[in-house]
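A.B. asks: Have a peek at structure_33.json (JSON, C-alpha atoms and all ligand atoms).
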```json
[["chain", "number", "residue", "atom", "x", "y", "z"],
["A", 1, "MET", "CA", -5.27, -3.61, -62.98],
["A", 2, "ARG", "CA", -8.96, -3.97, -63.73],
["A", 3, "TYR", "CA", -10.08, -5.47, -67.02],
["A", 4, "ALA", "CA", -13.58, -5.38, -68.53],
["A", 5, "VAL", "CA", -14.20, -8.44, -70.70],
["A", 6, "ILE", "CA", -16.98, -7.87, -73.21],
["A", 7, "SER", "CA", -18.25, -10.11, -76.02],
["A", 8, "ASP", "CA", -20.98, -10.52, -78.62],
["A", 9, "VAL", "CA", -21.81, -6.85, -79.11],
["A", 10, "HIS", "CA", -23.57, -7.83, -82.36],
["A", 11, "ALA", "CA", -23.84, -4.33, -83.79],
["A", 12, "ASN", "CA", -26.02, -3.15, -80.88],
["A", 13, "LEU", "CA", -24.72, 0.39, -80.41],
["A", 14, "GLU", "CA", -27.04, 1.35, -77.56],
["A", 15, "ALA", "CA", -25.98, -1.68, -75.50],
["A", 16, "LEU", "CA", -22.29, -1.07, -76.24],
["A", 17, "GLU", "CA", -22.48, 2.60, -75.27],
["A", 18, "ALA", "CA", -24.28, 1.76, -72.03],
["A", 19, "VAL", "CA", -21.64, -0.86, -71.19],
["A", 20, "LEU", "CA", -18.78, 1.54, -71.96],
["A", 21, "LYS", "CA", -20.35, 4.11, -69.65],
["A", 22, "LYS", "CA", -20.63, 1.52, -66.87],
["A", 23, "VAL", "CA", -17.06, 0.36, -67.54],
["A", 24, "GLU", "CA", -15.83, 3.91, -67.06],
["A", 25, "SER", "CA", -17.72, 4.24, -63.76],
["A", 26, "LEU", "CA", -16.10, 1.01, -62.50],
["A", 27, "GLY", "CA", -12.56, 2.34, -62.96],
["A", 28, "VAL", "CA", -11.62, -0.19, -65.62],
["A", 29, "ASP", "CA", -8.05, 0.13, -66.96],
["A", 30, "LYS", "CA", -8.31, -2.02, -70.06],
["A", 31, "ILE", "CA", -11.13, -3.47, -72.16],
["A", 32, "VAL", "CA", -10.94, -6.86, -73.85],
["A", 33, "CYS", "CA", -13.46, -7.84, -76.54],
["A", 34, "LEU", "CA", -13.98, -11.52, -77.39],
["A", 35, "GLY", "CA", -15.56, -11.04, -80.81],
["A", 36, "ASP", "CA", -18.88, -11.07, -82.66],
["A", 37, "THR", "CA", -18.79, -7.30, -82.71],
["A", 38, "VAL", "CA", -21.00, -7.32, -85.84],
["A", 39, "GLY", "CA", -23.95, -9.39, -87.07],
["A", 40, "TYR", "CA", -27.66, -9.23, -86.03],
["A", 41, "GLY", "CA", -27.84, -5.50, -85.20],
["A", 42, "ALA", "CA", -28.11, -2.32, -87.22],
["A", 43, "ASN", "CA", -24.83, -0.55, -86.33],
["A", 44, "PRO", "CA", -21.89, -2.78, -87.35],
["A", 45, "ASN", "CA", -19.56, 0.03, -88.50],
["A", 46, "GLU", "CA", -20.20, 2.14, -85.41],
["A", 47, "CYS", "CA", -19.69, -0.79, -83.03],
["A", 48, "ALA", "CA", -16.52, -2.00, -84.75],
["A", 49, "GLY", "CA", -15.20, 1.58, -84.67],
["A", 50, "LEU", "CA", -15.90, 1.98, -80.96],
["A", 51, "VAL", "CA", -14.44, -1.39, -80.04],
["A", 52, "ARG", "CA", -11.37, -0.64, -82.13],
["A", 53, "GLU", "CA", -10.93, 2.67, -80.34],
["A", 54, "LYS", "CA", -11.65, 1.51, -76.78],
["A", 55, "ALA", "CA", -10.44, -2.09, -76.48],
["A", 56, "HIS", "CA", -6.91, -3.22, -75.74],
["A", 57, "VAL", "CA", -7.45, -6.67, -77.27],
["A", 58, "VAL", "CA", -10.14, -7.52, -79.83],
["A", 59, "LEU", "CA", -10.76, -11.05, -81.10],
["A", 60, "CYS", "CA", -12.64, -12.38, -84.09],
["A", 61, "GLY", "CA", -15.98, -14.17, -83.65],
["A", 62, "ASN", "CA", -17.85, -16.35, -86.14],
["A", 63, "HIS", "CA", -20.11, -13.47, -87.23],
["A", 64, "ASP", "CA", -17.11, -11.19, -87.80],
["A", 65, "HIS", "CA", -15.47, -14.01, -89.76],
["A", 66, "ALA", "CA", -18.62, -14.60, -91.81],
["A", 67, "ALA", "CA", -19.22, -10.89, -92.46],
["A", 68, "VAL", "CA", -15.83, -10.63, -94.19],
["A", 69, "GLY", "CA", -16.27, -13.89, -96.09],
["A", 70, "ASP", "CA", -13.87, -16.03, -94.02],
["A", 71, "THR", "CA", -16.50, -18.43, -92.63],
["A", 72, "SER", "CA", -19.30, -20.07, -94.60],
["A", 73, "ILE", "CA", -22.81, -18.93, -93.63],
["A", 74, "GLU", "CA", -24.26, -22.33, -94.58],
["A", 75, "TYR", "CA", -24.45, -23.45, -90.96],
["A", 76, "PHE", "CA", -26.06, -20.17, -89.80],
["A", 77, "ASN", "CA", -29.81, -20.18, -89.19],
["A", 78, "SER", "CA", -31.95, -18.11, -91.57],
["A", 79, "TYR", "CA", -32.04, -15.05, -89.28],
["A", 80, "ALA", "CA", -28.28, -15.02, -88.75],
["A", 81, "ARG", "CA", -27.71, -15.58, -92.46],
["A", 82, "ALA", "CA", -30.00, -12.69, -93.41],
["A", 83, "ALA", "CA", -28.19, -10.46, -90.93],
["A", 84, "ILE", "CA", -24.76, -11.42, -92.26],
["A", 85, "LEU", "CA", -25.80, -10.68, -95.85],
["A", 86, "TRP", "CA", -27.20, -7.31, -94.70],
["A", 87, "THR", "CA", -23.99, -6.60, -92.75],
["A", 88, "MET", "CA", -21.81, -7.49, -95.75],
["A", 89, "GLY", "CA", -23.75, -4.91, -97.74],
["A", 90, "VAL", "CA", -23.21, -2.04, -95.30],
["A", 91, "LEU", "CA", -19.69, -2.71, -93.96],
["A", 92, "LYS", "CA", -17.29, 0.07, -94.89],
["A", 93, "PRO", "CA", -13.99, -1.01, -96.48],
["A", 94, "ASP", "CA", -11.83, 0.06, -93.52],
["A", 95, "CYS", "CA", -14.12, -1.74, -91.09],
["A", 96, "ARG", "CA", -13.99, -4.85, -93.24],
["A", 97, "GLU", "CA", -10.19, -4.72, -93.32],
["A", 98, "TYR", "CA", -10.10, -4.26, -89.57],
["A", 99, "LEU", "CA", -12.37, -7.26, -88.89],
["A", 100, "LYS", "CA", -10.40, -9.38, -91.32],
["A", 101, "GLY", "CA", -7.20, -8.80, -89.37],
["A", 102, "LEU", "CA", -8.53, -9.82, -85.95],
["A", 103, "PRO", "CA", -6.97, -12.86, -84.21],
["A", 104, "LEU", "CA", -8.93, -15.88, -82.95],
["A", 105, "THR", "CA", -7.20, -16.07, -79.57],
["A", 106, "GLY", "CA", -5.28, -13.83, -77.18],
["A", 107, "SER", "CA", -4.13, -13.50, -73.58],
["A", 108, "VAL", "CA", -3.85, -10.85, -70.86],
["A", 109, "ASP", "CA", -2.42, -11.06, -67.36],
["A", 110, "GLY", "CA", -2.87, -14.76, -66.67],
["A", 111, "ALA", "CA", -6.05, -15.14, -68.70],
["A", 112, "PHE", "CA", -6.53, -16.93, -72.02],
["A", 113, "LEU", "CA", -9.05, -15.36, -74.40],
["A", 114, "VAL", "CA", -11.10, -16.94, -77.20],
["A", 115, "HIS", "CA", -14.54, -16.43, -78.74],
["A", 116, "SER", "CA", -15.68, -20.06, -78.90],
["A", 117, "THR", "CA", -13.42, -22.80, -77.46],
["A", 118, "PRO", "CA", -9.69, -22.91, -76.60],
["A", 119, "SER", "CA", -9.34, -26.36, -78.21],
["A", 120, "GLU", "CA", -10.75, -25.46, -81.64],
["A", 121, "PRO", "CA", -11.12, -21.67, -81.96],
["A", 122, "ALA", "CA", -12.14, -21.78, -85.62],
["A", 123, "ARG", "CA", -14.74, -24.56, -85.27],
["A", 124, "TRP", "CA", -17.14, -22.31, -83.33],
["A", 125, "ASN", "CA", -18.28, -24.99, -80.89],
["A", 126, "TYR", "CA", -20.34, -24.14, -77.81],
["A", 127, "VAL", "CA", -19.64, -24.96, -74.16],
["A", 128, "PHE", "CA", -22.78, -25.48, -72.09],
["A", 129, "GLU", "CA", -22.09, -28.54, -69.95],
["A", 130, "PRO", "CA", -19.30, -29.45, -67.50],
["A", 131, "HIS", "CA", -18.29, -32.47, -69.60],
["A", 132, "GLU", "CA", -17.84, -30.12, -72.59],
["A", 133, "ALA", "CA", -15.83, -27.68, -70.49],
["A", 134, "MET", "CA", -13.62, -30.42, -69.01],
["A", 135, "GLY", "CA", -11.74, -31.13, -72.24],
["A", 136, "GLU", "CA", -11.13, -27.44, -72.85],
["A", 137, "PHE", "CA", -8.87, -27.04, -69.81],
["A", 138, "ASN", "CA", -6.15, -29.03, -71.61],
["A", 139, "ALA", "CA", -6.09, -26.45, -74.40],
["A", 140, "PHE", "CA", -4.80, -23.47, -72.39],
["A", 141, "GLN", "CA", -2.12, -22.96, -69.74],
["A", 142, "GLU", "CA", -3.55, -20.02, -67.83],
["A", 143, "ARG", "CA", -5.64, -20.35, -64.67],
["A", 144, "VAL", "CA", -8.66, -18.72, -66.27],
["A", 145, "CYS", "CA", -10.06, -18.56, -69.79],
["A", 146, "PHE", "CA", -12.72, -16.08, -70.87],
["A", 147, "ILE", "CA", -15.08, -17.09, -73.68],
["A", 148, "GLY", "CA", -18.26, -15.78, -75.34],
["A", 149, "HIS", "CA", -20.28, -17.22, -78.26],
["A", 150, "SER", "CA", -23.28, -18.77, -76.44],
["A", 151, "HIS", "CA", -24.56, -15.40, -75.15],
["A", 152, "PHE", "CA", -25.21, -17.16, -71.84],
["A", 153, "ALA", "CA", -23.31, -15.89, -68.79],
["A", 154, "LEU", "CA", -21.99, -18.69, -66.55],
["A", 155, "PHE", "CA", -18.70, -20.20, -65.43],
["A", 156, "PHE", "CA", -17.08, -23.59, -64.98],
["A", 157, "VAL", "CA", -14.83, -24.44, -62.04],
["A", 158, "LYS", "CA", -12.33, -27.28, -62.32],
["A", 159, "GLU", "CA", -10.78, -28.78, -59.19],
["A", 160, "GLY", "CA", -8.74, -31.92, -59.79],
["A", 161, "ALA", "CA", -10.85, -34.30, -61.85],
["A", 162, "SER", "CA", -14.16, -32.57, -61.15],
["A", 163, "CYS", "CA", -15.75, -29.76, -63.13],
["A", 164, "LYS", "CA", -18.86, -27.89, -62.03],
["A", 165, "VAL", "CA", -20.96, -25.22, -63.68],
["A", 166, "ALA", "CA", -22.06, -22.10, -61.78],
["A", 167, "LEU", "CA", -24.43, -19.26, -62.53],
["A", 168, "PRO", "CA", -23.13, -15.66, -62.39],
["A", 169, "ARG", "CA", -21.94, -14.45, -59.00],
["A", 170, "PRO", "CA", -18.81, -12.62, -57.89],
["A", 171, "PHE", "CA", -15.91, -14.98, -57.17],
["A", 172, "THR", "CA", -12.15, -14.95, -56.60],
["A", 173, "LEU", "CA", -9.69, -17.18, -58.45],
["A", 174, "GLU", "CA", -8.33, -19.78, -56.01],
["A", 175, "ASN", "CA", -5.02, -21.61, -56.16],
["A", 176, "ASP", "CA", -5.11, -25.13, -57.62],
["A", 177, "THR", "CA", -8.43, -24.33, -59.30],
["A", 178, "ARG", "CA", -9.06, -23.39, -62.92],
["A", 179, "TYR", "CA", -11.90, -21.51, -64.53],
["A", 180, "LEU", "CA", -13.71, -21.19, -67.85],
["A", 181, "VAL", "CA", -15.85, -18.06, -67.76],
["A", 182, "ASN", "CA", -18.50, -17.21, -70.33],
["A", 183, "VAL", "CA", -18.86, -13.44, -70.11],
["A", 184, "GLY", "CA", -22.33, -13.37, -71.70],
["A", 185, "SER", "CA", -23.38, -10.96, -74.42],
["A", 186, "VAL", "CA", -23.45, -7.18, -74.60],
["A", 187, "GLY", "CA", -25.80, -6.89, -77.55],
["A", 188, "GLN", "CA", -27.98, -10.02, -77.63],
["A", 189, "PRO", "CA", -28.20, -11.83, -74.27],
["A", 190, "ARG", "CA", -29.85, -15.26, -74.39],
["A", 191, "ASP", "CA", -29.87, -16.13, -70.70],
["A", 192, "GLY", "CA", -33.35, -14.81, -70.03],
["A", 193, "LEU", "CA", -32.28, -11.29, -69.05],
["A", 194, "PRO", "CA", -32.54, -8.53, -71.67],
["A", 195, "THR", "CA", -29.84, -6.39, -70.01],
["A", 196, "ALA", "CA", -26.35, -6.14, -71.54],
["A", 197, "CYS", "CA", -23.80, -8.39, -69.83],
["A", 198, "PHE", "CA", -20.04, -8.23, -69.26],
["A", 199, "VAL", "CA", -17.40, -9.23, -66.72],
["A", 200, "THR", "CA", -14.69, -7.41, -64.78],
["A", 201, "TYR", "CA", -11.44, -9.20, -63.91],
["A", 202, "ASP", "CA", -9.05, -7.74, -61.33],
["A", 203, "VAL", "CA", -5.33, -8.54, -61.30],
["A", 204, "PRO", "CA", -3.60, -9.58, -59.08],
["A", 205, "ASP", "CA", -6.57, -10.03, -56.70],
["A", 206, "GLY", "CA", -8.26, -12.46, -59.10],
["A", 207, "ASN", "CA", -11.74, -11.06, -58.51],
["A", 208, "VAL", "CA", -14.24, -11.81, -61.26],
["A", 209, "GLN", "CA", -17.62, -10.13, -61.33],
["A", 210, "PHE", "CA", -20.56, -10.21, -63.75],
["A", 211, "HIS", "CA", -22.39, -6.96, -64.52],
["A", 212, "ARG", "CA", -25.78, -6.29, -66.15],
["A", 213, "VAL", "CA", -26.61, -2.95, -67.71],
["A", 214, "GLU", "CA", -29.91, -1.53, -68.95],
["A", 215, "TYR", "CA", -29.92, 0.30, -72.26],
["A", 216, "ASP", "CA", -32.33, 1.97, -74.67],
["A", 217, "LEU", "CA", -33.77, -1.26, -76.03],
["A", 218, "SER", "CA", -36.66, 0.44, -77.82],
["A", 219, "LEU", "CA", -34.23, 2.45, -79.96],
["A", 220, "THR", "CA", -32.26, -0.68, -80.87],
["A", 221, "TYR", "CA", -35.57, -2.41, -81.71],
["A", 222, "GLN", "CA", -36.65, 0.43, -84.00],
["A", 223, "LYS", "CA", -33.29, 0.51, -85.79],
["A", 224, "ILE", "CA", -33.44, -3.24, -86.54],
["A", 225, "VAL", "CA", -36.96, -2.93, -87.94],
["A", 226, "LYS", "CA", -36.06, 0.18, -89.95],
["A", 227, "ALA", "CA", -33.01, -1.55, -91.43],
["A", 228, "ARG", "CA", -35.36, -4.36, -92.61],
["A", 229, "LEU", "CA", -33.39, -6.93, -90.68],
["A", 230, "PRO", "CA", -35.56, -9.89, -89.54],
["A", 231, "ARG", "CA", -38.05, -8.61, -86.95],
["A", 232, "PHE", "CA", -37.30, -11.68, -84.83],
["A", 233, "LEU", "CA", -33.85, -10.20, -84.13],
["A", 234, "ALA", "CA", -35.54, -7.20, -82.52],
["A", 235, "GLU", "CA", -38.18, -9.27, -80.70],
["A", 236, "ARG", "CA", -35.67, -11.57, -79.02],
["A", 237, "LEU", "CA", -33.87, -8.61, -77.43],
["A", 238, "LEU", "CA", -37.00, -7.82, -75.43],
["A", 239, "ILE", "CA", -36.90, -11.14, -73.59],
["A", 240, "GLY", "CA", -33.18, -11.87, -73.70],
["A", 241, "GLU", "CA", -33.56, -15.19, -75.50],
["A", 301, "FE", "FE", -22.40, -14.25, -80.99]]
```
Just dump the structure as C-alpha cells.
C.D. replies:
Amino acid sequence: MRYAVISDVHANLEALEAVLKKVESLGVDKIVCLGDTVGYGANPNECAGLVREKAHVVLCGNHDHAAVGDTSIEYFNSYARAAILWTMGVLKPDCREYLKGLPLTGSVDGAFLVHSTPSEPARWNYVFEPHEAMGEFNAFQERVCFIGHSHFALFFVKEGASCKVALPRPFTLENDTRYLVNVGSVGQPRDGLPTACFVTYDVPDGNVQFHRVEYDLSLTYQKIVKARLPRFLAERLLIGE
C-alpha cells in the first residue's frame, strides 16, 4: 500500500493538480490530506472539492477552521487575516459544510495524522526544534506521525532519549525508532524551494520519501493578484518563503 501525504494546499489549484498528477504516476493507492486546504490562494472551492474527491482521509487545519468561523483570526497576521476574510466571502455553502465537518486528527496503517501537533491539535503550535518534537512523541502511539502547518519539510527521529532533526531525504522506518515527519506544503512552501511538496509512505516496507513538483506558478500568481488578495501572497510563492 502506498500513501501520498499532502498538506497545506492553501487554495493553490495549479500546485494541487500538479501534485495529483505526480501522485498518479507514482502508483499511489490512497491520498491523505493534513489540512489547510483553503486560505491564501484564489481557488478554495476547487481545491476543497478536489481533495474531497481524491483523498481517503482529510483533516482540518487552522485556516480551514478559521474560514468557517471555528477559530479566531485575531492571532493571524494581516495577510492571512485578509485571505481568510476573502475566503469566507467566496466559500460555497456545501464547501463550508464540508470543511466544518473535518476532524483534527486521524490515523492510517501505523501512522498518526494531525495538522499541527499531536499533543494539542487545536492549539495550532509549530514544531521546528528537536526539543519541541520530543514532547510530542508521548501524544501518539504509532511509530510515525505525519504533520504539516509550518510549510517546512523536515523530519525528527527519536531513538531512546535522543531526538534529532533531519532535512528531507528518503528513509525507512526502523524498529525501536519513532518519527515525526513534516510533509511540507503543496500550495505555499516556506523552506526556500518554490516547488510543491508532499511525501509518500509505503506499508509495510516503511519507506518514506519527499517529493517536489513544479507547477504553473505564474498562473497562480496572476489569480491571486486578480482576486485582489494581498500581492505579498503571490510574491512569496516565487521564492518559497
Ligand atoms: Fe498552512
A.B. asks: Pick out the closest residue to ligand FE 301 (chain A) from this set: A:Val183, A:Ala161, A:Leu154, A:Ala234. Count only C-alpha atoms and all ligand atoms.
C.D. replies: A:Val183
A.B. asks: For A:Arg81, which residue among A:Pro194, A:Pro103, A:Gly39, A:Gly135 is the nearest when counting all atoms listed in the file?
C.D. replies: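 Checking each of A:Pro194, A:Pro103, A:Gly39, A:Gly135 against A:Arg81, counting all atoms listed in the file, the winner is A:Gly39.
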A.B. asks: Taking all atoms listed in the file into account, which residues have an atom no farther than 9 Å from ligand FE 301 (chain A)? I'd like them as a list in words.
C.D. replies: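 Listed by chain and ascending number, the contacts are Ser7, Asp8, Val9, His10, Gly35, Asp36, Thr37, Val38, Gly39, Tyr40, Gly61, Asn62, His63, His115, Gly148, His149, Ser150, His151, Ser185, Gly187 and Gln188 of chain A.
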A.B. asks: Restricting the calculation to only C-alpha atoms: of A:Pro189, A:Trp124, A:Val144, A:Gly49, which residue gets closest to A:Phe76?
C.D. replies: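 Using only C-alpha atoms, the shortest distance to A:Phe76 belongs to A:Trp124.
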A.B. asks: Nearest residue to A:Pro170 out of A:Ala111, A:Val208, A:Cys145, A:Val157, using all atoms listed in the file?
C.D. replies: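 Answer, going by the shortest atom-to-atom distance: A:Val208.
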A.B. asks: Using only C-alpha atoms for the distances, tell me which of A:Tyr98, A:Ala18, A:Asp29, A:Arg236 is nearest to A:Tyr221.
C.D. replies: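 Of A:Tyr98, A:Ala18, A:Asp29, A:Arg236, the one nearest A:Tyr221 is A:Arg236, counting only C-alpha atoms.
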A.B. asks: With all atoms listed in the file as the atoms that count, which of A:Ala80, A:Ala122, A:Ala139, A:Cys95 lies nearest to A:Leu229?
C.D. replies: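 Of A:Ala80, A:Ala122, A:Ala139, A:Cys95, the one nearest A:Leu229, counting all atoms listed in the file, is A:Ala80.
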A.B. asks: For A:Gly110, list every protein, DNA or RNA residue within 9 Å, evaluated using only C-alpha atoms, and leave out those in the same chain fewer than 2 positions away; present the list as a PDB file with C-alpha atoms, in the coordinates of the input.
C.D. replies:
```pdb
ATOM      1  CA  SER A 107      -4.130 -13.500 -73.580  1.00  0.00           C
ATOM      2  CA  VAL A 108      -3.850 -10.850 -70.860  1.00  0.00           C
ATOM      3  CA  PHE A 112      -6.530 -16.930 -72.020  1.00  0.00           C
ATOM      4  CA  GLN A 141      -2.120 -22.960 -69.740  1.00  0.00           C
ATOM      5  CA  GLU A 142      -3.550 -20.020 -67.830  1.00  0.00           C
ATOM      6  CA  ARG A 143      -5.640 -20.350 -64.670  1.00  0.00           C
ATOM      7  CA  VAL A 144      -8.660 -18.720 -66.270  1.00  0.00           C
ATOM      8  CA  CYS A 145     -10.060 -18.560 -69.790  1.00  0.00           C
ATOM      9  CA  VAL A 203      -5.330  -8.540 -61.300  1.00  0.00           C
TER      10      VAL A 203
END
```
A.B. asks: In Å, with one decimal, what is the gap from atom CA of A:Cys197 to atom CA of A:Ser119?
C.D. replies: 24.5 Å
A.B. asks: Applying 12 Å and all atoms listed in the file, which residues near A:Lys226 remain after dropping the ones on its own chain fewer than 6 positions away? List them as a list in words.
C.D. replies: Gly41, Ala42, Asn43, Leu219, Thr220 and Ala234 of chain A
